[in-house]
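With compact mmCIF, C-alpha atoms and all ligand atoms inside, this is start-v3.txt:
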# COMPACT_ATOMS: atom_id res chain seq x y z
CA MET A 169 -16.74 -16.23 30.75
CA LYS A 170 -17.14 -18.91 28.13
CA LYS A 171 -14.71 -18.94 25.22
CA ILE A 172 -15.71 -19.32 21.60
CA ARG A 173 -14.11 -22.44 20.08
CA ILE A 174 -12.77 -22.12 16.55
CA ALA A 175 -11.46 -24.92 14.34
CA ILE A 176 -8.75 -24.16 11.85
CA GLN A 177 -6.79 -26.38 9.52
CA LYS A 178 -3.94 -28.13 11.31
CA SER A 179 -1.51 -27.97 8.43
CA GLY A 180 -1.86 -27.11 4.81
CA ARG A 181 -2.71 -24.13 2.71
CA LEU A 182 -5.41 -22.63 4.92
CA ASN A 183 -3.48 -22.78 8.18
CA GLU A 184 -1.27 -19.73 7.80
CA ASP A 185 -3.88 -17.43 6.27
CA SER A 186 -6.39 -18.45 8.95
CA LEU A 187 -3.99 -17.52 11.76
CA GLN A 188 -3.13 -14.32 9.90
CA ILE A 189 -6.71 -13.11 9.72
CA LEU A 190 -7.17 -13.73 13.46
CA LYS A 191 -3.97 -11.76 14.06
CA ASP A 192 -5.20 -8.94 11.84
CA CYS A 193 -8.36 -8.94 13.97
CA GLY A 194 -6.12 -8.14 16.94
CA ILE A 195 -6.41 -11.65 18.37
CA SER A 196 -3.08 -13.08 19.53
CA ILE A 197 -2.76 -16.80 19.84
CA ASP A 198 -0.12 -18.57 21.89
CA ASN A 199 0.97 -20.78 19.12
CA GLY A 200 2.45 -24.08 19.96
CA LYS A 201 2.16 -25.67 16.52
CA ASP A 202 2.67 -29.09 18.05
CA GLN A 203 -0.29 -28.59 20.30
CA LEU A 204 -3.72 -29.31 18.91
CA LYS A 205 -5.27 -26.64 21.07
CA ALA A 206 -4.32 -23.05 21.83
CA SER A 207 -5.86 -20.03 23.54
CA SER A 208 -5.88 -16.33 22.92
CA ARG A 209 -4.47 -13.97 25.51
CA ASN A 210 -6.66 -11.05 24.57
CA PHE A 211 -9.93 -12.51 23.27
CA PRO A 212 -12.11 -15.27 24.75
CA LEU A 213 -11.20 -17.72 22.03
CA GLU A 214 -9.82 -21.25 21.88
CA VAL A 215 -8.28 -22.63 18.70
CA PHE A 216 -8.47 -26.31 17.73
CA TYR A 217 -6.15 -27.48 14.96
CA LEU A 218 -8.01 -30.15 13.00
CA ARG A 219 -7.97 -32.02 9.71
CA ASN A 220 -9.99 -30.21 7.06
CA GLY A 221 -12.27 -33.11 6.30
CA ASP A 222 -13.18 -33.60 9.96
CA ILE A 223 -14.27 -30.02 10.57
CA PRO A 224 -17.87 -30.27 9.24
CA GLN A 225 -18.63 -33.09 11.69
CA TYR A 226 -17.12 -31.16 14.63
CA LEU A 227 -19.35 -28.20 13.74
CA ARG A 228 -22.39 -30.40 13.41
CA ASP A 229 -21.73 -32.00 16.80
CA GLY A 230 -21.18 -28.60 18.42
CA VAL A 231 -17.70 -29.62 19.60
CA VAL A 232 -16.48 -26.38 18.04
CA ASP A 233 -18.61 -23.25 17.54
CA ILE A 234 -17.05 -21.86 14.39
CA ALA A 235 -14.40 -22.76 11.83
CA ILE A 236 -12.30 -21.31 9.06
CA ILE A 237 -12.65 -23.78 6.25
CA GLY A 238 -12.72 -24.04 2.47
CA GLU A 239 -16.21 -23.62 1.04
CA ASN A 240 -15.43 -26.67 -1.12
CA VAL A 241 -15.23 -28.86 1.99
CA LEU A 242 -18.64 -27.62 3.16
CA ILE A 243 -20.12 -28.29 -0.26
CA GLU A 244 -18.73 -31.82 -0.14
CA LYS A 245 -19.48 -32.71 3.49
CA GLY A 246 -21.43 -29.95 5.20
CA GLU A 247 -24.30 -28.61 3.14
CA ASP A 248 -26.25 -28.25 6.39
CA ILE A 249 -23.70 -25.86 7.91
CA SER A 250 -24.12 -22.13 7.49
CA ILE A 251 -21.56 -19.58 6.38
CA ALA A 252 -21.21 -16.33 8.33
CA GLU A 253 -18.54 -14.64 6.21
CA LYS A 254 -16.63 -15.26 3.02
CA LEU A 255 -12.99 -14.51 3.77
CA GLY A 256 -11.52 -13.81 0.34
CA PHE A 257 -8.40 -15.99 0.60
CA SER A 258 -7.51 -19.55 -0.44
CA LYS A 259 -9.41 -19.22 -3.66
CA CYS A 260 -9.48 -22.37 -5.73
CA LYS A 261 -11.57 -24.42 -8.14
CA VAL A 262 -12.77 -27.99 -7.91
CA SER A 263 -12.32 -29.40 -11.39
CA LEU A 264 -12.32 -32.50 -13.51
CA ALA A 265 -9.10 -33.24 -15.38
CA VAL A 266 -7.97 -35.83 -17.91
CA PRO A 267 -4.58 -36.81 -19.38
CA LYS A 268 -3.29 -34.19 -21.85
CA SER A 269 -3.28 -36.76 -24.65
CA VAL A 270 -7.07 -37.33 -24.39
CA LYS A 271 -9.18 -35.58 -27.01
CA TYR A 272 -11.92 -34.19 -24.79
CA LYS A 273 -15.22 -33.07 -26.28
CA SER A 274 -17.82 -32.76 -23.54
CA VAL A 275 -18.84 -33.94 -20.09
CA ALA A 276 -20.55 -36.93 -21.76
CA ASP A 277 -17.02 -38.27 -22.32
CA PHE A 278 -16.98 -39.20 -18.61
CA GLU A 279 -19.73 -41.81 -19.11
CA GLY A 280 -18.50 -45.13 -17.73
CA LYS A 281 -15.06 -43.70 -16.91
CA ARG A 282 -13.14 -44.25 -13.67
CA ILE A 283 -12.61 -40.97 -11.79
CA ALA A 284 -10.27 -40.72 -8.79
CA THR A 285 -11.29 -38.05 -6.27
CA SER A 286 -11.50 -36.89 -2.66
CA TYR A 287 -14.78 -35.12 -3.54
CA PRO A 288 -17.22 -37.94 -4.37
CA ASN A 289 -20.42 -36.04 -3.50
CA THR A 290 -19.41 -33.00 -5.52
CA VAL A 291 -18.53 -35.12 -8.57
CA LYS A 292 -21.63 -37.26 -8.29
CA ASN A 293 -23.96 -34.26 -8.00
CA TYR A 294 -22.27 -32.58 -10.93
CA LEU A 295 -22.37 -35.63 -13.20
CA ASP A 296 -25.95 -36.50 -12.13
CA SER A 297 -27.02 -33.01 -13.17
CA LYS A 298 -25.53 -33.70 -16.61
CA GLY A 299 -27.04 -37.20 -16.84
CA VAL A 300 -23.60 -38.85 -16.79
CA LYS A 301 -22.71 -42.01 -14.83
CA ALA A 302 -19.10 -42.66 -13.90
CA ASP A 303 -17.21 -44.98 -11.58
CA LEU A 304 -15.75 -43.07 -8.61
CA HIS A 305 -12.61 -44.11 -6.76
CA ILE A 306 -12.22 -42.29 -3.47
CA ILE A 307 -8.65 -41.45 -2.44
CA ASN A 308 -7.57 -38.92 0.16
CA GLY A 309 -4.47 -37.33 -1.33
CA SER A 310 -2.09 -37.27 -4.28
CA VAL A 311 -5.15 -37.80 -6.49
CA GLU A 312 -3.41 -36.50 -9.61
CA ILE A 313 -1.15 -39.53 -9.77
CA ALA A 314 -4.08 -41.92 -10.35
CA PRO A 315 -4.21 -41.76 -14.18
CA ASN A 316 -0.43 -42.28 -14.42
CA ILE A 317 -0.55 -45.48 -12.41
CA GLY A 318 -3.57 -46.86 -14.21
CA LEU A 319 -5.97 -46.43 -11.31
CA ALA A 320 -8.32 -44.06 -13.12
CA ASP A 321 -9.08 -42.41 -16.46
CA ALA A 322 -9.60 -38.99 -14.95
CA ILE A 323 -9.45 -37.08 -11.67
CA CYS A 324 -11.44 -34.50 -9.79
CA ASP A 325 -9.56 -32.33 -7.31
CA ILE A 326 -8.74 -28.83 -6.19
CA VAL A 327 -6.97 -26.63 -8.70
CA SER A 328 -5.19 -23.56 -7.41
CA SER A 329 -2.09 -22.58 -9.41
CA GLY A 330 -2.60 -25.53 -11.77
CA SER A 331 0.95 -26.74 -11.21
CA THR A 332 -0.03 -30.16 -9.81
CA LEU A 333 -2.11 -30.86 -12.94
CA PHE A 334 0.72 -29.66 -15.15
CA LYS A 335 3.35 -31.79 -13.44
CA ASN A 336 1.18 -34.86 -13.82
CA ASN A 337 0.42 -34.31 -17.49
CA LEU A 338 -3.23 -33.57 -16.90
CA LYS A 339 -5.51 -30.86 -18.26
CA GLU A 340 -8.52 -29.24 -16.61
CA VAL A 341 -11.66 -29.88 -18.66
CA GLU A 342 -14.61 -29.00 -16.39
CA VAL A 343 -14.74 -26.51 -13.50
CA MET A 344 -17.41 -27.81 -11.12
CA LEU A 345 -17.18 -25.05 -8.56
CA THR A 346 -15.11 -22.16 -7.27
CA SER A 347 -14.30 -21.83 -3.61
CA GLU A 348 -12.65 -19.63 -1.00
CA ALA A 349 -12.10 -19.74 2.75
CA VAL A 350 -15.22 -19.02 4.81
CA LEU A 351 -16.20 -18.61 8.43
CA ALA A 352 -18.64 -21.44 9.15
CA VAL A 353 -20.93 -21.66 12.18
CA SER A 354 -22.11 -24.66 14.18
CA PRO A 355 -25.90 -25.12 14.20
CA GLN A 356 -25.46 -25.74 17.95
CA ILE A 357 -23.73 -22.47 18.91
CA SER A 358 -25.04 -21.06 22.21
CA GLN A 359 -26.54 -17.60 22.73
CA GLU A 360 -23.59 -16.58 24.89
CA ARG A 361 -21.06 -17.56 22.24
CA THR A 362 -23.11 -15.94 19.47
CA VAL A 363 -22.30 -12.61 21.15
CA LEU A 364 -18.58 -13.41 20.79
CA LEU A 365 -19.17 -14.47 17.19
CA GLU A 366 -20.74 -11.10 16.43
CA ASP A 367 -17.71 -9.30 17.88
CA LEU A 368 -15.40 -11.47 15.77
CA ARG A 369 -17.47 -10.90 12.63
CA PHE A 370 -17.33 -7.16 13.16
CA ARG A 371 -13.53 -7.34 13.37
CA ILE A 372 -13.28 -9.61 10.32
CA GLN A 373 -15.44 -7.26 8.26
CA SER A 374 -13.15 -4.31 9.04
CA VAL A 375 -10.06 -6.37 8.22
CA LEU A 376 -11.56 -7.42 4.88
CA ARG A 377 -12.52 -3.82 4.06
CA ALA A 378 -8.98 -2.67 4.82
CA ARG A 379 -7.55 -5.43 2.59
CA GLN A 380 -9.51 -4.29 -0.46
C1 LIG B 401 -3.81 -29.86 -3.18
C2 LIG B 401 -4.90 -30.38 -4.09
C3 LIG B 401 -4.25 -30.39 -5.44
C4 LIG B 401 -3.26 -29.23 -5.36
C5 LIG B 401 -3.76 -28.04 -6.15
O1 LIG B 401 -2.99 -30.93 -2.85
O2 LIG B 401 -5.32 -31.67 -3.68
O3 LIG B 401 -3.56 -31.58 -5.63
O4 LIG B 401 -3.15 -28.89 -3.97
O5 LIG B 401 -2.87 -26.94 -6.09
P1 LIG B 401 -2.11 -26.39 -7.38
O6 LIG B 401 -3.12 -26.23 -8.47
O7 LIG B 401 -1.58 -25.06 -6.90
O8 LIG B 401 -1.04 -27.35 -7.74
P2 LIG B 401 -1.94 -30.90 -1.65
O9 LIG B 401 -0.66 -30.39 -2.16
O10 LIG B 401 -2.54 -30.11 -0.54
O11 LIG B 401 -1.72 -32.42 -1.25
P3 LIG B 401 -2.72 -33.68 -1.05
O12 LIG B 401 -3.64 -33.74 -2.22
O13 LIG B 401 -1.82 -34.89 -1.03
O14 LIG B 401 -3.45 -33.48 0.23
MG MG B 402 -3.37 -32.86 -4.00
As structure tokens, please, write out the structure in this file.
Amino acid sequence: MKKIRIAIQKSGRLNEDSLQILKDCGISIDNGKDQLKASSRNFPLEVFYLRNGDIPQYLRDGVVDIAIIGENVLIEKGEDISIAEKLGFSKCKVSLAVPKSVKYKSVADFEGKRIATSYPNTVKNYLDSKGVKADLHIINGSVEIAPNIGLADAICDIVSSGSTLFKNNLKEVEVMLTSEAVLAVSPQISQERTVLLEDLRFRIQSVLRARQ
């Protein structure tokens, strides 16, 4: 029998909660954290541990069938990929922030400003919709340091507890979107594996009901 292939985040905030929901679904995974691939003993499922930002492309290519991923990553890189379930954990915002000392009035203040971000499409779409043009600097991590080192006037990144903004003397001024973990599905999933997906969805729905 074919196994359904699921991508989950290799390391980071989603990793633990993703493995936990599979566990709560009664799916045990032989977890070698150093291995990039693992199998379940009691469900026809293979887990691939991948970098968040790579997951939309893996889904698109049909290299994996499903994934647990932040909705924010799909909005940024995978608008063509469908969502089967919202999973209710890893809630966060994607926001614009400026140094605390800046007197911020409105989104028009971003006109001509340099914004450091790992979410260029999200920022561009948001500012376009407001008729604002800014200069985007794409960086992949530690975005909040950019204003302090003179690389940018503002940042756009994920805000969860808000502590990274606080520690870097920044304040959130625009919330562009809210996000949570979702179960995403490859447009290439086969009929045979769709049957497994339906079984998994059924289990996830009962787990989520019990968590309420
Ligand atoms: C993430 C994100 C924010 C921070 C938000 O960074 O990029 O910087 O968490 O969480 P908070 O509001 O609870 O502080 P992460 O720590 O994953 O590191 P990275 O940006 O270097 O990947
Ligand atoms: Mg960060």
Any idea what's packed within 10 Å of Pro212 of chain A, counting only C-alpha atoms, ignoring anything in its chain fewer than 4 positions away? Could you give it as a short mmCIF file (atom, residue, chain, number, x, y, z; two decimals) with C-alpha atoms, in the coordinates of the input?
data_model
loop_
_atom_site.label_atom_id
_atom_site.label_comp_id
_atom_site.auth_asym_id
_atom_site.auth_seq_id
_atom_site.Cartn_x
_atom_site.Cartn_y
_atom_site.Cartn_z
CA MET A 169 -16.74 -16.23 30.75
CA LYS A 170 -17.14 -18.91 28.13
CA LYS A 171 -14.71 -18.94 25.22
CA ILE A 172 -15.71 -19.32 21.60
CA ARG A 173 -14.11 -22.44 20.08
CA ILE A 195 -6.41 -11.65 18.37
CA SER A 207 -5.86 -20.03 23.54
CA SER A 208 -5.88 -16.33 22.92
CA ARG A 361 -21.06 -17.56 22.24
CA LEU A 364 -18.58 -13.41 20.79
#
Find the spatial neighbours of segment 289-306 of chain A, counting all atoms listed in the file, within a cut-off of 12 Å - ignore same-chain residues fewer than 2 positions away - and output them as a count of residues only. 47
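Residue nearest Leu182 of chain A, chosen from A:Ala206, A:Leu227, A:Ile197, A:Leu255 and counting only C-alpha atoms: A:Leu255.
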Would you kindly return, as a count of residues only, each protein, DNA or RNA residue with an atom no farther than 12 Å from any atom of segment 187-192 of chain A, considering all atoms listed in the file and excluding same-chain residues fewer than 4 positions away? 44
Go through A:Asn336, A:Gln203, A:Ser186, A:Asn316 and flag the residue nearest ligand MG 402 (chain B), using all atoms listed in the file for the distances.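 Comparing A:Asn336, A:Gln203, A:Ser186, A:Asn316 against ligand MG 402 (chain B), the winner is A:Asn336.
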Using Å and a single decimal, report how far atom CA of Ile223 of chain A sits from atom CA of Pro355 of chain A.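 Distance between the two atoms: 13.1 Å.
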Rank A:Glu340, A:Asp367, A:Glu312, A:Glu360 by their smallest atom-to-atom distance to ligand MG 402 (chain B), using all atoms listed in the file, and report the top residue only.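 Checking each of A:Glu340, A:Asp367, A:Glu312, A:Glu360 against ligand MG 402 (chain B), counting all atoms listed in the file, the winner is A:Glu312.
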What is the atom CA of Cys193 of chain A-atom CA of Ala352 of chain A distance in Å, reported with one decimal?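 We find that atom CA of Cys193 of chain A and atom CA of Ala352 of chain A lie 16.9 Å from each other.
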Figure out the distance between atom CA of Ile313 of chain A and atom O7 of ligand LIG 401 (chain B), please, to one decimal in Å. 14.8 Å
Identify which of the residues A:Phe370, A:Lys273, A:Pro288, A:Gln356 lies closest to Val341 of chain A, counting all atoms listed in the file when measuring atom-to-atom distances. A:Lys273
Rank nothing, just name the residue among A:Ser354, A:Ser258, A:Lys268, A:Gly180 nearest to Asn220 of chain A, using all atoms listed in the file. A:Gly180
Report, as AutoDock Vina command-line options, the centre and edge lengths in Å (one decimal) of the axis-aligned box enclosing every listed atom of ligand LIG 401 (chain B), padded by 8 Å on each side.
--center_x -3.0 --center_y -30.0 --center_z -4.1 --size_x 20.7 --size_y 25.8 --size_z 24.7
With a distance cut-off of 7 Å and all atoms listed in the file, select the neighbouring residues of Val353 of chain A, excluding the residue or stretch itself and same-chain residues fewer than 5 positions from it, and output the selection as a ChimeraX atom specification. /A:227,233-235,249-252
Tell me which of A:Lys254, A:Lys271, A:Lys205, A:Lys259 sits closest to ligand LIG 401 (chain B), counting all atoms listed in the file.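 Result for the nearest residue to ligand LIG 401 (chain B): A:Lys259.
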